[in-house]
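A.B. asks: As input, take target-v4.txt (compact mmCIF, C-alpha atoms):
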```
# COMPACT_ATOMS: atom_id res chain seq x y z
CA MET A 1 -21.87 22.95 -18.99
CA VAL A 2 -18.24 22.09 -19.56
CA GLY A 3 -17.34 21.14 -23.09
CA GLU A 4 -20.31 22.60 -25.03
CA ASP A 5 -18.09 23.49 -27.99
CA LYS A 6 -16.83 20.02 -28.95
CA SER A 7 -14.18 21.19 -31.34
CA MET A 8 -11.16 19.06 -30.52
CA LYS A 9 -10.44 15.36 -31.00
CA ILE A 10 -8.47 13.76 -28.20
CA ARG A 11 -7.15 10.23 -27.80
CA TRP A 12 -7.22 9.03 -24.22
CA ARG A 13 -7.15 5.91 -22.10
CA ILE A 14 -6.73 4.64 -18.57
CA LEU A 15 -3.20 3.21 -18.45
CA GLY A 16 -3.37 -0.44 -19.44
CA GLY A 17 -6.82 -0.02 -21.08
CA ASN A 18 -7.87 0.57 -24.67
CA TRP A 19 -7.42 3.89 -26.46
CA LYS A 20 -10.57 5.89 -27.14
CA GLU A 21 -11.15 8.99 -29.22
CA VAL A 22 -13.52 11.70 -28.08
CA GLU A 23 -14.51 15.15 -29.24
CA THR A 24 -14.22 17.62 -26.44
CA GLY A 25 -14.57 21.31 -25.79
CA ALA A 26 -12.62 21.03 -22.54
CA LYS A 27 -9.84 23.60 -22.35
CA THR A 28 -7.92 22.20 -19.42
CA MET A 29 -7.16 18.81 -17.96
CA THR A 30 -9.45 19.57 -15.02
CA GLU A 31 -12.35 20.15 -17.40
CA PHE A 32 -11.52 17.06 -19.44
CA MET A 33 -11.35 14.85 -16.34
CA ARG A 34 -14.64 16.26 -15.11
CA GLU A 35 -16.21 15.52 -18.50
CA LEU A 36 -15.06 11.90 -18.24
CA SER A 37 -15.95 11.68 -14.51
CA ILE A 38 -12.35 10.76 -13.71
CA SER A 39 -11.34 11.72 -10.18
CA PRO A 40 -8.02 13.58 -9.86
CA GLU A 41 -7.57 11.85 -6.50
CA GLU A 42 -7.68 8.46 -8.19
CA TYR A 43 -5.88 9.11 -11.48
CA LEU A 44 -2.85 11.16 -12.44
CA PRO A 45 -2.96 12.74 -15.90
CA SER A 46 -0.11 12.33 -18.35
CA VAL A 47 0.22 13.76 -21.86
CA ASN A 48 2.33 12.04 -24.49
CA GLY A 49 3.92 9.96 -21.74
CA LYS A 50 4.74 12.83 -19.34
CA LEU A 51 2.98 13.70 -16.09
CA VAL A 52 1.17 17.04 -16.18
CA THR A 53 -0.73 19.11 -13.66
CA GLU A 54 -4.49 19.51 -13.79
CA ASP A 55 -4.35 23.05 -15.15
CA TYR A 56 -2.59 21.76 -18.30
CA LYS A 57 -4.14 23.31 -21.45
CA ILE A 58 -5.27 20.54 -23.77
CA LYS A 59 -4.18 20.70 -27.43
CA GLU A 60 -5.38 18.90 -30.55
CA GLY A 61 -3.33 15.74 -31.02
CA ASP A 62 -2.56 15.23 -27.35
CA GLU A 63 -2.55 11.60 -26.26
CA ILE A 64 -3.77 11.53 -22.70
CA GLN A 65 -3.25 8.64 -20.31
CA PHE A 66 -4.65 8.46 -16.80
CA VAL A 67 -2.44 6.62 -14.37
CA PRO A 68 -4.38 4.77 -11.64
CA VAL A 69 -3.39 5.86 -8.14
CA VAL A 70 -5.25 3.11 -6.35
CA SER A 71 -3.32 -0.11 -6.43
CA GLY A 72 -5.19 -3.20 -7.40
CA GLY A 73 -4.09 -5.29 -4.43
CA MET B 1 0.50 24.88 -16.81
CA ALA B 2 1.59 25.16 -13.20
CA LYS B 3 5.22 26.04 -12.60
CA CYS B 4 7.52 24.42 -10.07
CA SER B 5 7.34 26.44 -6.84
CA VAL B 6 11.11 25.97 -6.42
CA CYS B 7 12.62 26.60 -9.88
CA GLY B 8 9.79 27.80 -12.14
CA ARG B 9 10.07 24.93 -14.64
CA PRO B 10 6.89 23.12 -15.78
CA ALA B 11 5.47 21.16 -12.85
CA VAL B 12 4.53 17.48 -12.90
CA TYR B 13 2.57 17.54 -9.66
CA THR B 14 0.58 19.95 -7.55
CA ALA B 15 0.12 19.28 -3.84
CA LYS B 16 -3.24 20.97 -3.35
CA TYR B 17 -3.10 20.58 0.41
CA GLU B 18 -0.10 22.92 0.56
CA GLY B 19 -0.70 24.95 -2.60
CA LYS B 20 2.69 24.12 -4.17
CA SER B 21 3.75 22.53 -7.44
CA TYR B 22 6.93 20.62 -8.28
CA CYS B 23 8.95 19.66 -11.34
CA ALA B 24 10.29 16.08 -11.41
CA GLU B 25 13.64 17.02 -9.84
CA HIS B 26 12.17 19.06 -7.01
CA PHE B 27 9.36 16.57 -6.44
CA LEU B 28 11.98 13.90 -5.72
CA GLU B 29 13.87 16.24 -3.35
CA TRP B 30 10.64 17.11 -1.53
CA PHE B 31 9.60 13.44 -1.36
CA ASP B 32 12.99 12.36 -0.01
CA ARG B 33 13.03 15.16 2.59
CA ARG B 34 9.66 14.09 3.96
CA VAL B 35 10.46 10.37 4.07
CA ARG B 36 13.74 11.06 5.87
CA LYS B 37 11.87 13.30 8.31
CA THR B 38 9.37 10.47 9.02
CA ILE B 39 12.24 8.01 9.55
CA ARG B 40 13.94 10.39 12.03
CA LYS B 41 10.75 11.44 13.82
CA TYR B 42 9.69 7.87 14.57
CA LYS B 43 13.25 6.56 15.10
CA MET B 44 12.67 3.81 12.56
CA PHE B 45 16.26 2.61 12.14
CA GLY B 46 19.43 2.31 14.17
CA LYS B 47 23.01 2.52 12.92
CA LYS B 48 23.22 -1.20 12.26
CA GLU B 49 20.22 -2.91 10.70
CA HIS B 50 19.39 -5.86 8.53
CA ILE B 51 16.39 -4.42 6.72
CA VAL B 52 13.87 -6.68 5.03
CA VAL B 53 11.40 -4.94 2.73
CA ALA B 54 8.04 -6.63 2.28
CA VAL B 55 7.35 -6.41 -1.45
CA SER B 56 4.30 -7.46 -3.44
CA GLY B 57 5.41 -6.15 -6.82
CA GLY B 58 2.86 -3.32 -6.68
CA LYS B 59 3.98 0.31 -6.89
CA ASP B 60 4.01 1.05 -3.14
CA SER B 61 6.25 -1.82 -2.15
CA LEU B 62 8.47 -1.44 -5.23
CA ALA B 63 8.90 2.19 -4.22
CA ALA B 64 9.79 1.12 -0.66
CA MET B 65 12.39 -1.33 -1.99
CA HIS B 66 13.83 1.29 -4.36
CA TYR B 67 13.93 3.96 -1.66
CA MET B 68 15.51 1.71 0.99
CA LYS B 69 18.11 0.38 -1.43
CA LYS B 70 19.16 3.92 -2.36
CA LEU B 71 19.15 5.10 1.25
CA SER B 72 21.12 2.07 2.45
CA GLU B 73 23.91 2.93 0.01
CA ARG B 74 24.59 5.98 2.21
CA VAL B 75 24.57 4.04 5.53
CA PRO B 76 27.47 1.58 5.98
CA GLY B 77 25.75 -0.42 8.77
CA TRP B 78 22.65 -1.27 6.77
CA THR B 79 21.91 -4.26 4.56
CA VAL B 80 18.70 -4.63 2.56
CA GLU B 81 16.84 -7.72 1.40
CA ALA B 82 13.33 -8.17 0.02
CA LEU B 83 10.61 -10.64 0.88
CA LEU B 84 7.61 -11.50 -1.25
CA ILE B 85 4.63 -13.56 -0.10
CA ASP B 86 3.07 -15.49 -2.97
CA GLU B 87 -0.56 -16.00 -1.93
CA GLY B 88 -1.37 -17.97 -5.05
CA ILE B 89 -3.87 -15.73 -6.84
CA LYS B 90 -4.34 -16.84 -10.41
CA GLY B 91 -4.14 -14.11 -13.03
CA TYR B 92 -2.70 -11.57 -10.59
CA ARG B 93 0.26 -12.64 -8.50
CA PRO B 94 2.36 -14.16 -11.34
CA THR B 95 2.47 -10.74 -13.05
CA THR B 96 3.53 -8.87 -9.92
CA ILE B 97 6.14 -11.56 -9.11
CA LYS B 98 7.62 -11.03 -12.56
CA ASP B 99 7.82 -7.26 -11.93
CA PHE B 100 9.27 -7.83 -8.47
CA LYS B 101 12.04 -10.14 -9.71
CA HIS B 102 12.89 -7.81 -12.57
CA TRP B 103 13.39 -4.80 -10.32
CA ALA B 104 15.03 -6.68 -7.41
CA GLU B 105 17.63 -8.04 -9.83
CA LYS B 106 18.11 -4.68 -11.54
CA TRP B 107 18.62 -2.88 -8.21
CA ASP B 108 20.73 -5.73 -6.85
CA VAL B 109 18.48 -6.53 -3.89
CA PRO B 110 18.67 -10.16 -2.69
CA TYR B 111 15.23 -11.64 -2.13
CA ARG B 112 13.19 -14.57 -0.88
CA ILE B 113 9.75 -15.72 -2.02
CA VAL B 114 7.52 -17.60 0.42
CA SER B 115 4.25 -19.17 -0.71
CA PHE B 116 0.91 -19.84 0.98
CA LYS B 117 0.87 -23.22 -0.75
CA GLU B 118 4.08 -24.39 0.92
CA GLU B 119 3.66 -22.73 4.30
CA ILE B 120 -0.11 -22.72 4.88
CA GLY B 121 -0.99 -25.76 2.81
CA ALA B 122 -3.16 -24.13 0.12
CA THR B 123 -3.16 -21.18 -2.25
CA LEU B 124 -5.48 -18.25 -1.49
CA ASP B 125 -7.70 -19.31 -4.40
CA GLU B 126 -8.02 -22.77 -2.80
CA ILE B 127 -8.58 -21.26 0.66
CA VAL B 128 -11.41 -19.04 -0.61
CA LYS B 129 -13.07 -22.07 -2.22
CA ILE B 130 -12.72 -24.21 0.92
CA GLY B 131 -14.01 -21.35 3.12
CA TYR B 132 -17.05 -20.95 0.87
CA GLU B 133 -17.78 -24.69 0.90
CA LYS B 134 -17.48 -24.81 4.69
CA GLY B 135 -19.71 -21.77 5.07
CA LEU B 136 -17.08 -19.68 6.86
CA PRO B 137 -18.05 -16.01 7.15
CA TYR B 138 -14.81 -14.47 5.84
CA GLN B 139 -13.95 -12.34 2.83
CA PRO B 140 -10.83 -13.33 0.82
CA CYS B 141 -8.99 -10.27 2.18
CA SER B 142 -9.47 -11.56 5.75
CA TYR B 143 -7.66 -14.86 5.08
CA CYS B 144 -5.05 -13.09 2.99
CA GLY B 145 -4.33 -10.45 5.64
CA VAL B 146 -3.94 -12.95 8.49
CA PHE B 147 -1.73 -15.42 6.59
CA ARG B 148 0.34 -12.70 4.93
CA ARG B 149 1.13 -10.95 8.25
CA TYR B 150 1.93 -14.34 9.80
CA LEU B 151 4.31 -15.34 7.02
CA LEU B 152 5.96 -11.92 6.77
CA ASN B 153 6.90 -12.06 10.44
CA LYS B 154 7.98 -15.70 10.33
CA ALA B 155 10.04 -15.39 7.14
CA ALA B 156 11.58 -12.05 8.15
CA LYS B 157 12.83 -13.66 11.38
CA GLU B 158 14.28 -16.55 9.40
CA MET B 159 16.07 -14.01 7.20
CA GLY B 160 17.59 -12.42 10.30
CA ALA B 161 15.71 -9.14 9.89
CA THR B 162 16.11 -6.52 12.59
CA VAL B 163 13.36 -4.47 10.99
CA LEU B 164 10.66 -5.07 8.39
CA VAL B 165 9.80 -2.21 6.05
CA THR B 166 6.38 -2.10 4.40
CA GLY B 167 5.14 0.19 1.64
CA HIS B 168 2.04 1.33 3.55
CA ASN B 169 1.25 4.96 2.80
CA LEU B 170 -0.94 7.67 4.32
CA ASP B 171 -4.04 6.43 2.46
CA ASP B 172 -3.57 2.82 3.62
CA GLU B 173 -3.19 3.87 7.22
CA ILE B 174 -6.25 6.10 7.44
CA GLN B 175 -8.38 3.51 5.63
CA THR B 176 -7.38 0.92 8.24
CA PHE B 177 -8.08 3.43 11.01
CA ILE B 178 -11.60 4.16 9.77
CA MET B 179 -12.27 0.47 9.06
CA ASN B 180 -11.37 -0.35 12.66
CA ILE B 181 -13.69 2.40 13.92
CA MET B 182 -16.52 1.18 11.71
CA ARG B 183 -16.03 -2.38 12.99
CA HIS B 184 -15.57 -1.21 16.57
CA ASP B 185 -12.23 -3.02 16.73
CA VAL B 186 -10.52 -0.83 19.29
CA ASP B 187 -7.77 -3.35 20.06
CA ARG B 188 -6.58 -3.32 16.46
CA LEU B 189 -6.94 0.43 16.31
CA ALA B 190 -4.61 0.75 19.30
CA ARG B 191 -1.94 -1.18 17.43
CA LEU B 192 -1.81 1.25 14.48
CA GLY B 193 1.05 3.67 13.93
CA PRO B 194 4.22 4.24 11.91
CA VAL B 195 6.14 1.67 13.96
CA THR B 196 4.35 -1.51 14.94
CA GLY B 197 5.22 -4.91 16.32
CA VAL B 198 6.25 -5.18 19.93
CA SER B 199 9.98 -4.70 19.83
CA GLU B 200 10.59 -6.21 23.29
CA HIS B 201 8.89 -9.45 22.27
CA ASP B 202 11.39 -11.78 20.63
CA GLY B 203 8.70 -13.26 18.38
CA PHE B 204 8.00 -10.01 16.59
CA VAL B 205 10.06 -8.27 13.98
CA ARG B 206 9.52 -4.53 14.33
CA ARG B 207 7.61 -3.11 11.35
CA VAL B 208 8.06 0.38 10.00
CA LYS B 209 6.07 2.32 7.43
CA ILE B 210 8.48 4.71 5.74
CA PHE B 211 5.71 6.29 3.59
CA TYR B 212 3.50 6.93 6.61
CA GLU B 213 3.16 10.62 5.78
CA ILE B 214 3.11 10.27 1.99
CA PRO B 215 -0.22 10.19 0.13
CA GLU B 216 -0.63 7.23 -2.21
CA LYS B 217 -0.80 9.58 -5.19
CA GLU B 218 2.73 10.82 -4.46
CA VAL B 219 4.11 7.28 -4.33
CA VAL B 220 2.75 6.90 -7.86
CA VAL B 221 4.51 10.10 -8.95
CA TYR B 222 7.77 8.79 -7.39
CA SER B 223 7.47 5.49 -9.27
CA MET B 224 6.55 7.25 -12.55
CA ILE B 225 9.53 9.60 -12.38
CA HIS B 226 11.87 6.69 -11.65
CA GLY B 227 10.27 4.66 -14.44
CA PHE B 228 9.17 1.60 -12.49
CA TYR B 229 5.42 2.14 -12.30
CA PRO B 230 4.30 -1.46 -12.79
CA GLU B 231 1.81 -2.78 -15.29
CA PHE B 232 -1.61 -2.26 -13.70
CA VAL B 233 -3.14 -5.55 -12.65
CA GLU B 234 -5.92 -5.80 -10.16
CA CYS B 235 -6.32 -8.49 -7.54
CA PRO B 236 -9.55 -10.34 -8.40
CA TYR B 237 -10.60 -10.11 -4.74
CA ALA B 238 -9.84 -6.39 -4.25
CA ARG B 239 -13.32 -5.09 -5.03
CA LEU B 240 -14.94 -7.51 -2.58
CA GLY B 241 -13.29 -5.85 0.40
CA PHE B 242 -14.65 -3.04 2.55
CA ARG B 243 -11.48 -1.04 1.88
CA TRP B 244 -12.32 -0.67 -1.80
CA ASP B 245 -15.46 1.37 -1.10
CA LEU B 246 -14.00 3.27 1.80
CA ARG B 247 -11.02 4.63 -0.10
CA HIS B 248 -13.32 5.96 -2.78
CA TYR B 249 -15.32 7.93 -0.19
CA ILE B 250 -12.16 9.28 1.44
CA ASN B 251 -10.86 10.32 -1.99
CA LEU B 252 -14.09 12.22 -2.67
CA LEU B 253 -13.61 14.13 0.59
CA GLU B 254 -9.94 14.84 -0.15
CA GLU B 255 -10.85 16.16 -3.59
CA LYS B 256 -13.39 18.54 -2.08
CA TYR B 257 -11.43 19.39 1.07
CA PRO B 258 -7.67 19.04 0.41
CA GLY B 259 -5.75 18.10 3.54
CA THR B 260 -8.49 15.85 4.94
CA LYS B 261 -6.27 12.75 4.82
CA PHE B 262 -3.50 14.40 6.84
CA MET B 263 -6.02 15.59 9.43
CA ILE B 264 -7.44 12.07 9.80
CA GLU B 265 -3.92 10.73 10.32
CA LYS B 266 -3.17 13.38 12.94
CA SER B 267 -6.35 12.36 14.78
CA LEU B 268 -5.31 8.73 14.49
CA LEU B 269 -1.94 9.43 16.10
CA ASP B 270 -3.53 11.34 19.00
CA ILE B 271 -6.18 8.67 19.57
CA VAL B 272 -3.68 5.78 19.37
CA SER B 273 -1.34 7.54 21.78
CA GLU B 274 -4.18 7.96 24.32
CA LEU B 275 -5.36 4.39 23.82
CA LYS B 276 -1.87 3.03 24.42
CA LYS B 277 -1.78 4.89 27.74
CA THR B 278 -5.17 3.73 28.92
CA ARG B 279 -5.54 0.26 27.40
CA GLY B 280 -2.02 -0.79 26.50
CA VAL B 281 -1.52 -2.99 23.46
CA GLY B 282 -1.65 -6.23 25.39
CA GLU B 283 1.27 -8.48 26.23
CA PRO B 284 1.69 -10.90 23.31
CA LYS B 285 1.89 -14.59 24.02
CA LYS B 286 3.40 -17.41 22.02
CA CYS B 287 1.00 -19.55 20.02
CA LYS B 288 0.90 -22.95 21.73
CA ILE B 289 0.77 -24.64 18.34
CA CYS B 290 3.27 -22.87 16.08
CA GLY B 291 5.20 -20.66 18.51
CA GLU B 292 4.50 -17.44 16.59
CA PRO B 293 3.15 -14.36 18.45
CA ALA B 294 -0.51 -14.56 19.45
CA THR B 295 -2.94 -12.48 21.47
CA GLY B 296 -4.51 -15.65 22.99
CA ASP B 297 -3.25 -19.20 23.43
CA VAL B 298 -3.45 -19.89 19.70
CA CYS B 299 -2.62 -17.44 16.91
CA ARG B 300 -5.20 -16.39 14.33
CA ALA B 301 -3.33 -18.13 11.49
CA CYS B 302 -3.52 -21.50 13.29
CA GLU B 303 -7.20 -20.90 14.13
CA LEU B 304 -8.01 -20.25 10.48
CA ARG B 305 -5.99 -23.24 9.34
CA MET B 306 -7.98 -25.46 11.71
CA LEU B 307 -11.30 -23.98 10.58
CA LEU B 308 -10.32 -24.56 6.96
CA GLY B 309 -9.24 -28.13 7.68
CA LEU B 310 -5.65 -27.40 6.68
CA MET B 311 -4.41 -28.43 10.11
CA GLU B 312 -5.58 -31.03 12.62
CA PRO B 313 -6.45 -29.42 15.98
CA PRO B 314 -4.28 -30.70 18.86
CA GLU B 315 -6.09 -32.94 21.37
CA TRP B 316 -6.20 -30.23 24.03
CA PHE B 317 -7.81 -27.68 21.69
CA ASP B 318 -11.58 -27.35 21.21
CA ILE B 319 -12.18 -25.96 17.72
CA GLY B 320 -15.65 -24.78 18.86
CA GLN B 321 -14.04 -22.06 20.97
CA ILE B 322 -12.77 -20.18 17.90
CA LYS B 323 -14.65 -16.91 17.40
CA THR B 324 -15.89 -16.61 13.81
```
Before we go any further, please render this structure as structure tokens.

C.D. replies:
Amino acid sequence: MVGEDKSMKIRWRILGGNWKEVETGAKTMTEFMRELSISPEEYLPSVNGKLVTEDYKIKEGDEIQFVPVVSGG
Amino acid sequence: MAKCSVCGRPAVYTAKYEGKSYCAEHFLEWFDRRVRKTIRKYKMFGKKEHIVVAVSGGKDSLAAMHYMKKLSERVPGWTVEALLIDEGIKGYRPTTIKDFKHWAEKWDVPYRIVSFKEEIGATLDEIVKIGYEKGLPYQPCSYCGVFRRYLLNKAAKEMGATVLVTGHNLDDEIQTFIMNIMRHDVDRLARLGPVTGVSEHDGFVRRVKIFYEIPEKEVVVYSMIHGFYPEFVECPYARLGFRWDLRHYINLLEEKYPGTKFMIEKSLLDIVSELKKTRGVGEPKKCKICGEPATGDVCRACELRMLLGLMEPPEWFDIGQIKT
């Protein structure tokens, strides 16, 4: 199972939503998104305001925002 | 973290379907190259054009306005204006109109706003309520789609447009394609493509989709890099539509099998090309009531207005003949 060693605290949110804090053992963005059941086809990950690729290695203190791909109209 | 396949700097985006990654600078180059290729391939513009961009204030149409404005600065014979249709959706449209005005003014794009209330006689919120009370079998997106297309064409003509640009992307197009298959609406399916509208018919303004070969995700990357990704607001009717579910299923397939969306679009183009040969797209007529293009004697917008009680049927017209 991804994230068994929940050793890192990460702040994250869907852009426009509320910030949440989780403990995660995910090493990469792919693992983190899988843990949160966030589809990489429907959200783009950004860290501290900058777009990153899914193989980005997550670090303690990162603020992660997921940018919705699907428009609301 | 993935490195840019061109320069080796940290990448901001990986295109899984081609196995390449791009930094912001090279993403924009790659994006621009593909949009220009689409424009050339489908002969979207001539040397002299008055281009009207249909803008909602969402990221796709803002990106289309931004892109066309920049491109037009390199073509002396082109002028660009924007057109927004205000459907009247409380809690949604006012926010996107604010974004639209902000960026149109910043990029120096003249614009016009046309509202359902003034042109159709009611806001979409009012139309949905009337339709429900009258027991009409339509979803909000059905009214919205018909009236929006009607007003875009009408207003673009009034603005002197030679071509109407929309922000439709690869995802939008394949969703519409599959929706038409699932509804067995072959006539509508035959009208799909990167260039639509019957150019020989004086009632139609030709419509072009400059992001036809760009996945929706990449339009988001373009708007993020340029810093105009709008505040995310969701249309209150969006989740009621068939499209909402369908795009989720297509995204699941794309995630598992990268390149699926492009393959669906290639199939679409082949099928539409064959359909046009065998069925044609039908010679459009003029609506006997409003004069706008119609497939029958009366256009769909006038039919819906009569069903909703927003327009009195003419004496010669039997409202019972409208298919619901």

A.B. asks: Identify every residue of chain A that has at least one atom within 8 Å of any atom of chain B, counting only C-alpha atoms, and report the result as a PDB file with C-alpha atoms, in the coordinates of the input.

C.D. replies:
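Output saved as selection-v7.pdb:
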```pdb
ATOM      1  CA  LEU A  15      -3.200   3.210 -18.450  1.00  0.00           C
ATOM      2  CA  GLY A  16      -3.370  -0.440 -19.440  1.00  0.00           C
ATOM      3  CA  SER A  39     -11.340  11.720 -10.180  1.00  0.00           C
ATOM      4  CA  PRO A  40      -8.020  13.580  -9.860  1.00  0.00           C
ATOM      5  CA  GLU A  41      -7.570  11.850  -6.500  1.00  0.00           C
ATOM      6  CA  GLU A  42      -7.680   8.460  -8.190  1.00  0.00           C
ATOM      7  CA  LEU A  44      -2.850  11.160 -12.440  1.00  0.00           C
ATOM      8  CA  LYS A  50       4.740  12.830 -19.340  1.00  0.00           C
ATOM      9  CA  LEU A  51       2.980  13.700 -16.090  1.00  0.00           C
ATOM     10  CA  VAL A  52       1.170  17.040 -16.180  1.00  0.00           C
ATOM     11  CA  THR A  53      -0.730  19.110 -13.660  1.00  0.00           C
ATOM     12  CA  GLU A  54      -4.490  19.510 -13.790  1.00  0.00           C
ATOM     13  CA  ASP A  55      -4.350  23.050 -15.150  1.00  0.00           C
ATOM     14  CA  TYR A  56      -2.590  21.760 -18.300  1.00  0.00           C
ATOM     15  CA  LYS A  57      -4.140  23.310 -21.450  1.00  0.00           C
ATOM     16  CA  PRO A  68      -4.380   4.770 -11.640  1.00  0.00           C
ATOM     17  CA  VAL A  69      -3.390   5.860  -8.140  1.00  0.00           C
ATOM     18  CA  VAL A  70      -5.250   3.110  -6.350  1.00  0.00           C
ATOM     19  CA  SER A  71      -3.320  -0.110  -6.430  1.00  0.00           C
ATOM     20  CA  GLY A  72      -5.190  -3.200  -7.400  1.00  0.00           C
ATOM     21  CA  GLY A  73      -4.090  -5.290  -4.430  1.00  0.00           C
TER      22      GLY A  73
END
```

A.B. asks: Rounded to one decimal in Å, what is the spacing between CA of Leu246 (chain B) and CA of Asn180 (chain B)?

C.D. replies: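 Result for CA of Leu246 (chain B) versus CA of Asn180 (chain B): 11.7 Å, one decimal.
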
A.B. asks: Using only C-alpha atoms, collect all residues at a distance of at most 9 Å from (-9.8, 20.2, -16.6) as written in the file, then present them as JSON, numbers by chain.

C.D. replies: {"A": [26, 27, 28, 29, 30, 31, 32, 33, 34, 35, 54, 55, 56, 57, 58]}

A.B. asks: Would you mind listing what lies within 12 Å of Glu63 (chain A) as a VMD selection string, with only C-alpha atoms counted and same-chain residues fewer than 2 positions away left out?

C.D. replies: chain A and resid 9 to 15 19 to 22 29 45 to 51 58 to 61 65 to 66

A.B. asks: Could you list, as a VMD selection string, every residue within 10 Å of Asp172 (chain B), counting all atoms listed in the file and ignoring same-chain residues fewer than 4 positions away?

C.D. replies: chain B and resid 167 to 168 176 to 177 211 to 212 215 to 216 243 247

A.B. asks: As an exercise, work out the distance from CA of Asp297 (chain B) to CA of Tyr150 (chain B) in Å and give it to one decimal place.

C.D. replies: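 Between CA of Asp297 (chain B) and CA of Tyr150 (chain B) the gap works out to 15.4 Å.
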
A.B. asks: So the first atom is CA of Leu304 (chain B) and the second is CA of Pro94 (chain B); what is the distance between them in Å, to one decimal place?

C.D. replies: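 Interatomic distance, CA of Leu304 (chain B) to CA of Pro94 (chain B): 24.9 Å.
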
A.B. asks: I'd like the contact shell of Val75 (chain B) - 10 Å cut-off, only C-alpha atoms, skipping same-chain residues fewer than 5 positions apart - returned as a PDB file with C-alpha atoms, in the coordinates of the input.

C.D. replies:
```
ATOM      1  CA  LYS B  47      23.010   2.520  12.920  1.00  0.00           C
ATOM      2  CA  LYS B  48      23.220  -1.200  12.260  1.00  0.00           C
ATOM      3  CA  GLU B  49      20.220  -2.910  10.700  1.00  0.00           C
ATOM      4  CA  LYS B  70      19.160   3.920  -2.360  1.00  0.00           C
TER       5      LYS B  70
END
```

A.B. asks: Would you kindly return, as a ChimeraX atom specification, each protein, DNA or RNA residue with an atom no farther than 10 Å from any atom of Gly88 (chain B), considering all atoms listed in the file and excluding same-chain residues fewer than 3 positions away?

C.D. replies: /B:85,91-94,115-117,122-127

A.B. asks: For the point (13.9, 9.8, 0.2) in file coordinates, what residues are within 12 Å, counting all atoms listed in the file? Give the answer as a VMD selection string?

C.D. replies: chain B and resid 26 to 40 63 to 72 74 210 to 211 214 219 222

A.B. asks: At a cut-off of 10 Å, using all atoms listed in the file, what residues contact Pro110 (chain B)? Leave out same-chain residues fewer than 5 positions from it and give the result as a list in words.

C.D. replies: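 Once the nearby chain positions are removed, what remains is Val52, Thr79, Val80, Glu81, Ala82, Leu83, Lys101, Ala104 and Glu105 of chain B.
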
A.B. asks: Point out the residue among B:Lys41, B:Arg9, B:Lys16, B:Arg112 with the least atom-to-atom distance to Val195 (chain B), counting all atoms listed in the file.

C.D. replies: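 Looking only at the distances to Val195 (chain B), the closest residue turns out to be B:Lys41.
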